[in-house]
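K.L.:
One structure, pasted below without further comment.
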Amino acid sequence: PGSVFRIDGRASAARMTFANGFTNNGLLELYATNNYNASLVMNSGEIVNAPGATIRVDGNYNRTFTLNASVDNQGTIEVNRSATFNQTHEQSGDLIVAAGRVLSYVSATLNYNGGPISGGGSLSFDQSTFHSTVPNLPVRKLAFQRSTLSSSVPVTNSDTLEFNYNNTITADVNNAGVIEVIYFFQYNNWNGNLTTQPGSVFRIDGRASAARMT
């Protein structure tokens, strides 16, 4: 506790590669003092972000921040600049995505086991999977393309689910919020059950091209 491990794009792009996983009990930070990228790569194992510990993305510049590591978050993840996860994220602690920022999952999996997701930002998934083991989806916009929404139990959406193209929904969803389908390029396929609540919205919107949900 109280320790700091900072990967800082100060003089050039900064990157640290770990051969094995470890437990973070302090602050692990991807930062951009100057206009350079910062990234962490893990070849084997995972980062356990322990209760009371923090993984933070921040800096003076909007650069590319990449966490190419499996993370078991039992503490806090703070995303103050848009960032990308590339492996598996087990989520049971706090996840804070600042307003106007996006936490992107690319070729990754987010296993949502509960824990608050706050801060006003959004989550996006590209060639990735969002899997929920709890009955309530995060009160947060979730945007999908070429991805899968699955669950171990029926789930309730009370915010926004946005499906672009080539997505598969295997979860049973109770929609109390907004679901939007906004692109056609490849079909979206809903294989689970859908229930809609009074006041909810299910919109198939030909916004960028013809839109389709099957």
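Residues in the structure tokens are named by chain (A, B, ... in the order shown) and by number from 1 within that chain; ligands are numbered from 1 in the order shown.
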Write out as an NGL selection string the residues lying within 6 Å of stretch 186-191 of chain A, counting only C-alpha atoms and excluding same-chain residues fewer than 3 positions away.
P.N.:
:A and (165-170 or 213-214)
K.L.:
What residues in stretch 43-210 of chain A get the DSSP label strand (DSSP E or B)? Please answer as JSON, numbers by chain.
P.N.:
{"A": [43, 44, 45, 46, 47, 48, 49, 54, 55, 56, 57, 58, 59, 65, 66, 67, 68, 69, 70, 71, 72, 73, 76, 77, 78, 79, 83, 84, 85, 88, 89, 90, 91, 94, 95, 96, 97, 98, 102, 103, 104, 105, 106, 109, 110, 111, 112, 117, 118, 120, 122, 123, 124, 125, 126, 129, 130, 131, 132, 136, 142, 143, 144, 145, 148, 149, 150, 151, 155, 156, 157, 160, 161, 162, 163, 168, 169, 173, 174, 175, 178, 179, 180, 181, 188, 189, 190, 194, 195, 196, 201, 202, 203, 204]}
K.L.:
Between A:Leu161, A:Val41, A:Val97, A:Ala32, which is the closest to A:Asn174 once you count only C-alpha atoms?
P.N.:
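Of A:Leu161, A:Val41, A:Val97, A:Ala32, the one nearest A:Asn174, counting only C-alpha atoms, is A:Leu161.
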K.L.:
Can you tell me, as a count of residues only, what residues are no more than 6 Å from A:Ser147 when counting only C-alpha atoms, ignoring any on the same chain fewer than 4 positions away?
P.N.:
5
K.L.:
So that I can see what lies close to A:Gly75, please list as a list in words the residues with an atom at most 10 Å from it, counting only C-alpha atoms and leaving out residues fewer than 2 positions away in the same chain.
P.N.:
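Near neighbours after the sequence-gap exclusion: Asn24, Asn25, Gly26, Val48, Asn49, Ala50, Pro51, Gly52, Ala53, Thr54, Ile55, Asp72, Asn73, Ile77, Gln91, Ser92, Gly93, Asp94, Leu95 and Gly115 of chain A.
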K.L.:
Can you list, as a ChimeraX atom specification, every protein, DNA or RNA residue that comes within 12 Å of stretch 6-21 of chain A when you count only C-alpha atoms, leaving out same-chain residues fewer than 3 positions away?
P.N.:
/A:3,24,26-49,54-72
K.L.:
Pick the closest to A:Ala171 from A:Arg101, A:His131, A:Arg207, A:Lys141: which is it, counting only C-alpha atoms?
P.N.:
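Result for the nearest residue to A:Ala171: A:His131.
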K.L.:
For A:Thr156, find every residue with an atom within 7 Å (counting only C-alpha atoms), except residues of its own chain fewer than 4 positions away, and show them as a list of chain:residue names.
P.N.:
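Once the nearby chain positions are removed, what remains is A:Pro135, A:Asn136, A:Leu137, A:Val173, A:Asn174, A:Asn175, A:Ala176.
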K.L.:
Deliver the residues from the most recent selection as a file, using N, CA, C and O atoms, as a PDB file, in the first residue's frame.
P.N.:
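And here is the file that came out, out_33.pdb:
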```pdb
ATOM      1  N   PRO A 135     -27.624 -10.150 -12.213  1.00  0.00           N
ATOM      2  CA  PRO A 135     -28.863  -9.880 -12.946  1.00  0.00           C
ATOM      3  C   PRO A 135     -29.037  -8.460 -13.472  1.00  0.00           C
ATOM      4  O   PRO A 135     -29.936  -8.240 -14.293  1.00  0.00           O
ATOM      5  N   ASN A 136     -28.235  -7.518 -13.028  1.00  0.00           N
ATOM      6  CA  ASN A 136     -28.386  -6.143 -13.496  1.00  0.00           C
ATOM      7  C   ASN A 136     -27.167  -5.711 -14.283  1.00  0.00           C
ATOM      8  O   ASN A 136     -26.044  -5.731 -13.773  1.00  0.00           O
ATOM      9  N   LEU A 137     -27.380  -5.319 -15.544  1.00  0.00           N
ATOM     10  CA  LEU A 137     -26.291  -4.779 -16.336  1.00  0.00           C
ATOM     11  C   LEU A 137     -25.863  -3.432 -15.768  1.00  0.00           C
ATOM     12  O   LEU A 137     -26.646  -2.753 -15.092  1.00  0.00           O
ATOM     13  N   VAL A 173     -32.740 -10.863 -21.918  1.00  0.00           N
ATOM     14  CA  VAL A 173     -32.668  -9.467 -21.501  1.00  0.00           C
ATOM     15  C   VAL A 173     -34.051  -8.927 -21.198  1.00  0.00           C
ATOM     16  O   VAL A 173     -34.982  -9.036 -22.009  1.00  0.00           O
ATOM     17  N   ASN A 174     -34.180  -8.312 -20.031  1.00  0.00           N
ATOM     18  CA  ASN A 174     -35.355  -7.539 -19.650  1.00  0.00           C
ATOM     19  C   ASN A 174     -35.005  -6.081 -19.895  1.00  0.00           C
ATOM     20  O   ASN A 174     -34.191  -5.504 -19.170  1.00  0.00           O
ATOM     21  N   ASN A 175     -35.589  -5.463 -20.916  1.00  0.00           N
ATOM     22  CA  ASN A 175     -35.218  -4.094 -21.277  1.00  0.00           C
ATOM     23  C   ASN A 175     -36.091  -3.076 -20.563  1.00  0.00           C
ATOM     24  O   ASN A 175     -37.278  -2.955 -20.832  1.00  0.00           O
ATOM     25  N   ALA A 176     -35.454  -2.335 -19.660  1.00  0.00           N
ATOM     26  CA  ALA A 176     -36.115  -1.223 -18.989  1.00  0.00           C
ATOM     27  C   ALA A 176     -35.500   0.100 -19.413  1.00  0.00           C
ATOM     28  O   ALA A 176     -35.815   1.144 -18.855  1.00  0.00           O
TER      29      ALA A 176
END
```
K.L.:
Interatomic distance between atom CA of A:Ile182 and atom CA of A:Gly206?
P.N.:
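Distance between the two atoms: 5.8 Å.
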K.L.:
Pick out the closest residue to A:Val106 from this set: A:Glu90, A:Thr196, A:Ser122, A:Thr84. Count only C-alpha atoms.
P.N.:
A:Thr84
K.L.:
From the set A:Asn193, A:Gln74, A:Asn157, A:Thr109, which residue has the shortest atom-to-atom contact distance to A:Asn86, counting only C-alpha atoms?
P.N.:
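Checking each of A:Asn193, A:Gln74, A:Asn157, A:Thr109 against A:Asn86, counting only C-alpha atoms, the winner is A:Thr109.
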K.L.:
Could you please determine the separation between atom CA of A:Gly2 and atom CA of A:Val79 in Å, to one decimal place?
P.N.:
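Atom CA of A:Val79 lies 19.5 Å from atom CA of A:Gly2.
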K.L.:
Quick one: everything within 10 Å of A:Asp172, counting only C-alpha atoms, minus sequence neighbours fewer than 5 positions away in the same chain. Send it as a count of residues only.
P.N.:
14
K.L.:
Identify which of the residues A:Thr76, A:Ser200, A:Thr148, A:Ser82 lies closest to A:Leu110, counting only C-alpha atoms when measuring atom-to-atom distances.
P.N.:
A:Thr148
